[in-house]
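Q: Data file data.txt (compact mmCIF, C-alpha atoms and all ligand atoms) is appended below.
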# COMPACT_ATOMS: atom_id res chain seq x y z
CA MET A 491 145.94 91.16 45.53
CA LYS A 492 147.07 89.90 48.93
CA LEU A 493 145.52 86.53 49.51
CA LEU A 494 145.51 83.88 52.18
CA LEU A 495 144.47 80.34 51.35
CA LEU A 496 143.39 78.45 54.47
CA GLY A 497 142.41 74.84 54.72
CA PRO A 498 143.32 71.63 56.50
CA PRO A 499 146.34 69.62 55.43
CA GLY A 500 145.19 67.52 52.50
CA SER A 501 142.58 70.02 51.30
CA GLY A 502 144.50 70.52 48.06
CA LYS A 503 145.63 73.91 49.27
CA GLY A 504 149.21 73.72 47.99
CA THR A 505 148.24 72.64 44.49
CA GLN A 506 145.51 75.26 44.19
CA ALA A 507 147.77 77.98 45.58
CA LYS A 508 150.38 77.21 42.88
CA ARG A 509 147.76 77.40 40.14
CA LEU A 510 146.15 80.56 41.46
CA ALA A 511 149.55 82.17 41.74
CA GLU A 512 150.16 81.47 38.04
CA VAL A 513 146.73 82.74 37.01
CA LEU A 514 147.05 85.93 39.04
CA GLY A 515 150.74 86.50 38.32
CA ILE A 516 151.72 86.79 41.97
CA PRO A 517 154.03 84.56 44.03
CA GLN A 518 152.83 81.67 46.16
CA VAL A 519 154.41 81.87 49.58
CA SER A 520 154.37 78.50 51.30
CA THR A 521 156.17 78.24 54.63
CA GLY A 522 156.02 74.45 54.28
CA ASP A 523 157.94 74.67 50.98
CA ILE A 524 160.41 77.15 52.44
CA LEU A 525 161.01 74.90 55.46
CA ARG A 526 161.47 71.81 53.27
CA GLU A 527 163.95 73.75 51.15
CA ALA A 528 165.80 74.83 54.32
CA ARG A 529 166.03 71.19 55.37
CA ARG A 530 167.40 70.13 51.99
CA ALA A 531 169.94 72.93 52.15
CA GLY A 532 170.89 71.88 55.70
CA THR A 533 170.55 75.40 57.18
CA ASP A 534 170.24 76.01 60.94
CA VAL A 535 166.53 76.73 60.57
CA GLY A 536 166.10 73.54 58.55
CA LYS A 537 167.83 71.50 61.23
CA ARG A 538 165.79 73.03 64.03
CA ALA A 539 162.51 72.46 62.17
CA ALA A 540 163.16 68.91 60.99
CA ALA A 541 162.06 66.88 64.01
CA ILE A 542 158.96 69.01 64.57
CA MET A 543 157.89 68.67 60.94
CA ASP A 544 158.38 64.91 61.00
CA SER A 545 156.12 64.62 64.05
CA GLY A 546 153.31 66.70 62.52
CA GLY A 547 153.69 69.53 65.04
CA LEU A 548 154.08 73.23 64.33
CA VAL A 549 157.42 74.97 64.04
CA GLY A 550 157.77 77.96 66.41
CA ASP A 551 156.12 81.23 65.43
CA ASP A 552 159.41 83.17 65.62
CA ILE A 553 161.07 80.89 63.08
CA VAL A 554 158.27 81.03 60.50
CA ASN A 555 157.64 84.75 61.02
CA ASP A 556 161.30 85.43 60.19
CA LEU A 557 161.01 83.33 57.03
CA VAL A 558 157.89 85.22 55.99
CA ARG A 559 159.50 88.60 56.66
CA GLU A 560 162.35 87.65 54.36
CA ARG A 561 160.07 86.26 51.64
CA LEU A 562 157.46 89.05 51.62
CA GLY A 563 160.23 91.64 51.66
CA ARG A 564 161.34 90.60 48.17
CA ASP A 565 160.39 92.68 45.15
CA ASP A 566 158.12 90.11 43.53
CA ALA A 567 155.82 90.18 46.59
CA LYS A 568 155.24 93.92 46.35
CA LYS A 569 152.39 93.53 43.87
CA GLY A 570 150.69 90.82 45.92
CA PHE A 571 151.06 87.24 47.08
CA ILE A 572 149.21 84.10 48.04
CA LEU A 573 150.01 82.82 51.49
CA ASP A 574 149.75 79.06 51.71
CA GLY A 575 150.17 77.33 55.06
CA TYR A 576 150.86 80.61 56.86
CA PRO A 577 149.63 82.03 59.23
CA ARG A 578 148.81 78.87 61.14
CA THR A 579 148.37 80.27 64.65
CA VAL A 580 146.73 83.37 66.09
CA GLY A 581 150.21 84.55 67.11
CA GLN A 582 151.41 84.32 63.50
CA ALA A 583 148.28 86.12 62.25
CA GLU A 584 148.88 88.97 64.69
CA TRP A 585 152.52 89.20 63.73
CA LEU A 586 151.56 89.25 60.04
CA ASP A 587 149.09 92.10 60.60
CA GLY A 588 151.79 94.16 62.26
CA TYR A 589 154.36 93.35 59.60
CA LEU A 590 152.03 94.24 56.70
CA ALA A 591 150.89 97.41 58.46
CA GLU A 592 154.51 98.62 58.53
CA SER A 593 154.28 99.04 54.76
CA GLY A 594 150.62 100.10 54.67
CA ARG A 595 149.46 96.68 53.50
CA LYS A 596 146.78 94.29 54.72
CA LEU A 597 145.23 91.01 53.61
CA ASP A 598 142.44 91.47 51.05
CA VAL A 599 140.82 88.04 51.03
CA THR A 600 141.01 84.79 52.96
CA LEU A 601 139.86 81.82 50.90
CA VAL A 602 138.90 78.86 53.07
CA LEU A 603 138.93 75.43 51.49
CA ASP A 604 136.33 73.34 53.22
CA VAL A 605 136.96 69.58 53.29
CA PRO A 606 135.38 67.24 55.86
CA ASP A 607 137.85 65.37 58.07
CA ASP A 608 136.93 61.92 56.78
CA HIS A 609 138.07 62.83 53.25
CA ILE A 610 141.39 64.06 54.40
CA VAL A 611 143.35 61.07 55.60
CA ASP A 612 142.40 59.25 52.41
CA ARG A 613 143.63 62.16 50.37
CA ILE A 614 146.93 62.72 52.09
CA VAL A 615 148.15 59.16 52.31
CA GLY A 616 147.61 58.79 48.53
CA ARG A 617 149.65 61.88 47.79
CA ARG A 618 152.96 61.50 45.96
CA THR A 619 155.58 63.98 44.79
CA ASP A 620 157.55 63.58 41.58
CA ARG A 621 161.16 63.49 42.71
CA ALA A 622 162.41 65.19 39.56
CA THR A 623 159.85 68.00 39.07
CA GLY A 624 158.36 68.49 42.54
CA GLN A 625 154.90 68.14 41.01
CA ILE A 626 152.30 66.75 43.46
CA TYR A 627 149.98 63.96 42.36
CA HIS A 628 147.37 61.77 44.01
CA LEU A 629 147.26 58.07 43.21
CA LYS A 630 143.46 58.21 42.97
CA TYR A 631 142.37 61.83 42.34
CA ASN A 632 145.20 63.23 40.24
CA PRO A 633 147.12 60.23 38.89
CA PRO A 634 150.76 60.67 37.95
CA PRO A 635 152.00 59.84 34.44
CA ALA A 636 153.37 56.34 33.93
CA GLY A 637 157.00 56.01 34.89
CA ALA A 638 157.11 59.05 37.20
CA ASP A 639 159.62 58.69 40.05
CA LEU A 640 157.36 59.24 43.06
CA VAL A 641 158.04 59.79 46.74
CA LEU A 642 155.73 59.89 49.76
CA ARG A 643 156.53 62.90 51.92
CA ASP A 644 157.56 61.79 55.44
CA ASP A 645 154.89 63.99 56.96
CA ASP A 646 152.21 62.43 54.75
CA ARG A 647 152.31 59.16 56.70
CA GLU A 648 149.00 58.39 58.39
CA GLU A 649 149.98 58.93 62.05
CA VAL A 650 151.64 62.20 61.12
CA VAL A 651 148.58 63.23 59.11
CA ARG A 652 146.39 62.75 62.18
CA ALA A 653 148.74 64.88 64.27
CA ARG A 654 148.68 67.58 61.58
CA LEU A 655 144.88 67.53 61.52
CA GLU A 656 144.78 67.98 65.27
CA ALA A 657 147.18 70.89 65.01
CA TYR A 658 144.94 72.41 62.33
CA GLN A 659 141.77 72.13 64.43
CA ARG A 660 143.44 73.41 67.57
CA ASP A 661 145.73 76.15 66.28
CA THR A 662 144.65 77.16 62.78
CA ALA A 663 140.85 76.82 62.61
CA PRO A 664 140.46 79.79 65.04
CA LEU A 665 141.88 81.99 62.28
CA ILE A 666 138.70 81.44 60.28
CA ASP A 667 136.72 83.24 63.01
CA LEU A 668 139.31 85.95 63.27
CA TYR A 669 139.18 86.75 59.54
CA THR A 670 135.40 86.26 59.41
CA ARG A 671 135.04 89.05 61.96
CA ARG A 672 137.08 91.19 59.61
CA GLY A 673 134.69 90.37 56.77
CA ILE A 674 137.32 88.98 54.39
CA VAL A 675 136.50 85.24 54.43
CA ARG A 676 135.16 83.40 51.39
CA LYS A 677 134.46 79.71 51.89
CA VAL A 678 134.80 77.29 49.02
CA SER A 679 134.06 73.59 48.94
CA GLY A 680 137.27 71.65 48.40
CA ILE A 681 135.46 68.51 47.26
CA GLY A 682 135.70 67.52 43.62
CA SER A 683 138.38 67.53 40.95
CA MET A 684 141.28 69.98 40.98
CA ASP A 685 139.64 71.85 38.09
CA GLU A 686 136.25 72.09 39.79
CA VAL A 687 137.79 73.47 42.96
CA MET A 688 139.94 75.88 40.97
CA ALA A 689 136.85 77.19 39.17
CA ARG A 690 135.15 77.81 42.54
CA LEU A 691 138.17 79.64 43.89
CA LYS A 692 138.31 81.91 40.85
CA GLU A 693 134.58 82.54 41.15
CA ALA A 694 135.05 83.46 44.82
CA LEU A 695 137.61 86.06 43.82
CA THR A 696 135.38 87.90 41.38
P1 LIG A 701 152.77 72.20 54.95
O1 LIG A 701 153.48 71.75 53.72
O2 LIG A 701 152.23 73.59 54.85
O3 LIG A 701 151.74 71.23 55.41
O4 LIG A 701 153.88 72.25 56.11
C1 LIG A 701 154.61 71.10 56.48
C2 LIG A 701 155.08 71.24 57.92
O5 LIG A 701 155.91 72.39 58.06
C3 LIG A 701 153.97 71.44 58.94
O6 LIG A 701 153.39 70.22 59.35
C4 LIG A 701 154.71 72.16 60.06
O7 LIG A 701 155.49 71.27 60.83
C5 LIG A 701 155.66 73.06 59.29
N1 LIG A 701 155.04 74.38 58.99
C6 LIG A 701 154.71 74.87 57.76
N2 LIG A 701 154.16 76.09 57.86
C7 LIG A 701 154.12 76.38 59.20
C8 LIG A 701 153.65 77.49 59.94
N3 LIG A 701 153.09 78.56 59.36
N4 LIG A 701 153.77 77.42 61.29
C9 LIG A 701 154.33 76.38 61.91
N5 LIG A 701 154.77 75.28 61.26
C10 LIG A 701 154.69 75.29 59.91
In structure tokens, how does this file's structure come out?

A:
Amino acid sequence: MKLLLLGPPGSGKGTQAKRLAEVLGIPQVSTGDILREARRAGTDVGKRAAAIMDSGGLVGDDIVNDLVRERLGRDDAKKGFILDGYPRTVGQAEWLDGYLAESGRKLDVTLVLDVPDDHIVDRIVGRRTDRATGQIYHLKYNPPPAGADLVLRDDDREEVVRARLEAYQRDTAPLIDLYTRRGIVRKVSGIGSMDEVMARLKEALT
């Protein structure tokens, strides 16, 4: 199963992608996670991406396409994968098509998490990551256990969130049309608890 999970920043996409990946036994491929890891490791790519990520803009297509080529080329991605946060531009989507076609593959399903804009800022600015485990919580919707050591991601600050939402509307939302024309889009409401949304996503896949 080769899946793409699309949705605005703050739609719960990352959390759901991790869970779905476990359920389906295929890797979650998140370019955001890969870029954050590159920053932590201090690689050239990480250094080049850092300022753009902190401003809420999009890292160049060439950089992320290279990361995806490397990640999807690994053995564990042969049986399928869930793309999370990639592709994010029409250019990336076109590159991905070409790359997958080289090995006779194509995307099977694009799940679109639908969350109205006014929910989103509220959701993102309450988001916290456990420093030790990397687990993502929300102060209101998915409260962390007492005593967890929590950090707010730099790019989850409100002004950055607004920039990321703009980037989503401008650059990424057009992908919904593109994949709709291909007949592979399934829209799911992203409102409700993590479990409710997960149940809808599973339902959409059957
Ligand atoms: P995410 O965790 O998916 O929201 O990604 C965090 C940040 O990494 C984004 O705001 C972008 O700056 C960058 N990023 C992640 N994935 C991509 C992508 N596919 N294309 C361009 N920039 C990306």

Q: So which residues touch Ile610 in chain A within 7 Å, counting all atoms listed in the file, skipping near sequence neighbours fewer than 4 positions away, as number ranges by chain?

A: A: 500-501, 606, 614

Q: Check which residues fall inside 10 Å of ligand LIG 701 (chain A) when counting all atoms listed in the file, and print them as an MDAnalysis selection string.

A: chainID A and resid 497:500 503:504 520:526 539:555 557:558 573:579 581:583 643:646 650:651 653:655 657:658 661:662

Q: Between CA of Asn632 in chain A and CA of Asp608 in chain A, what is the distance, to one decimal in Å?

A: 18.5 Å

Q: To one decimal in Å, tell me the separation between CA of Gln518 in chain A and CA of Arg564 in chain A.

A: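 These two atoms are separated by 12.5 Å.
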
Q: Do you know which residues are at most 10 Å from Thr619 in chain A counting all atoms listed in the file, after dropping those on the same chain fewer than 2 positions away, and could you put them as a PyMOL selection string?

A: chain A and resi 617+621-628+634+638-643

Q: Got a minute to add all heavy atoms to range 507-518 of chain A and dump it as a CSV table (one decimal), in the coordinates of the input?

A:
chain,number,residue,atom,x,y,z
A,507,ALA,N,147.0,76.7,45.4
A,507,ALA,CA,147.8,78.0,45.6
A,507,ALA,C,148.8,78.2,44.4
A,507,ALA,O,148.9,79.3,43.9
A,507,ALA,CB,148.5,78.0,46.9
A,508,LYS,N,149.4,77.1,44.0
A,508,LYS,CA,150.4,77.2,42.9
A,508,LYS,C,149.7,77.7,41.6
A,508,LYS,O,150.1,78.5,40.9
A,508,LYS,CB,151.0,75.9,42.6
A,508,LYS,CG,152.2,75.6,43.5
A,508,LYS,CD,153.1,74.4,43.0
A,508,LYS,CE,154.2,74.1,44.0
A,508,LYS,NZ,153.7,73.5,45.2
A,509,ARG,N,148.5,77.1,41.4
A,509,ARG,CA,147.8,77.4,40.1
A,509,ARG,C,147.3,78.8,40.2
A,509,ARG,O,147.4,79.6,39.2
A,509,ARG,CB,146.6,76.5,40.0
A,509,ARG,CG,146.9,75.1,39.6
A,509,ARG,CD,145.6,74.5,39.2
A,509,ARG,NE,145.7,73.1,38.9
A,509,ARG,CZ,144.6,72.4,38.5
A,509,ARG,NH1,143.5,72.9,38.3
A,509,ARG,NH2,144.8,71.1,38.2
A,510,LEU,N,146.7,79.2,41.3
A,510,LEU,CA,146.2,80.6,41.5
A,510,LEU,C,147.3,81.6,41.3
A,510,LEU,O,147.1,82.6,40.7
A,510,LEU,CB,145.5,80.8,42.8
A,510,LEU,CG,144.0,80.6,43.0
A,510,LEU,CD1,143.7,81.0,44.5
A,510,LEU,CD2,143.2,81.4,42.0
A,511,ALA,N,148.4,81.3,41.8
A,511,ALA,CA,149.6,82.2,41.7
A,511,ALA,C,149.9,82.4,40.3
A,511,ALA,O,150.2,83.5,39.8
A,511,ALA,CB,150.8,81.6,42.5
A,512,GLU,N,149.9,81.3,39.5
A,512,GLU,CA,150.2,81.5,38.0
A,512,GLU,C,149.1,82.3,37.4
A,512,GLU,O,149.4,83.2,36.6
A,512,GLU,CB,150.2,80.1,37.4
A,512,GLU,CG,151.5,79.4,37.5
A,512,GLU,CD,151.5,78.0,37.1
A,512,GLU,OE1,150.6,77.6,36.2
A,512,GLU,OE2,152.3,77.2,37.6
A,513,VAL,N,147.8,82.0,37.6
A,513,VAL,CA,146.7,82.7,37.0
A,513,VAL,C,146.8,84.2,37.3
A,513,VAL,O,146.6,85.1,36.5
A,513,VAL,CB,145.4,82.2,37.5
A,513,VAL,CG1,144.2,83.0,37.0
A,513,VAL,CG2,145.2,80.7,37.0
A,514,LEU,N,147.1,84.5,38.6
A,514,LEU,CA,147.0,85.9,39.0
A,514,LEU,C,148.4,86.6,38.8
A,514,LEU,O,148.5,87.9,39.0
A,514,LEU,CB,146.7,86.0,40.5
A,514,LEU,CG,145.3,85.4,40.9
A,514,LEU,CD1,145.1,85.4,42.4
A,514,LEU,CD2,144.2,86.3,40.3
A,515,GLY,N,149.4,85.9,38.5
A,515,GLY,CA,150.7,86.5,38.3
A,515,GLY,C,151.4,87.1,39.6
A,515,GLY,O,152.0,88.1,39.6
A,516,ILE,N,151.1,86.4,40.7
A,516,ILE,CA,151.7,86.8,42.0
A,516,ILE,C,152.4,85.5,42.6
A,516,ILE,O,152.0,84.4,42.3
A,516,ILE,CB,150.7,87.4,42.9
A,516,ILE,CG1,149.5,86.5,43.1
A,516,ILE,CG2,150.3,88.8,42.5
A,516,ILE,CD1,148.4,87.0,44.0
A,517,PRO,N,153.4,85.7,43.5
A,517,PRO,CA,154.0,84.6,44.0
A,517,PRO,C,153.2,83.8,45.1
A,517,PRO,O,152.4,84.4,45.8
A,517,PRO,CB,155.3,85.1,44.7
A,517,PRO,CG,155.0,86.6,44.9
A,517,PRO,CD,154.0,87.0,43.9
A,518,GLN,N,153.4,82.5,45.1
A,518,GLN,CA,152.8,81.7,46.2
A,518,GLN,C,153.9,81.6,47.3
A,518,GLN,O,155.1,81.4,47.0
A,518,GLN,CB,152.6,80.3,45.6
A,518,GLN,CG,152.2,79.2,46.7
A,518,GLN,CD,152.7,77.8,46.4
A,518,GLN,OE1,153.6,77.7,45.5
A,518,GLN,NE2,152.2,76.9,47.1
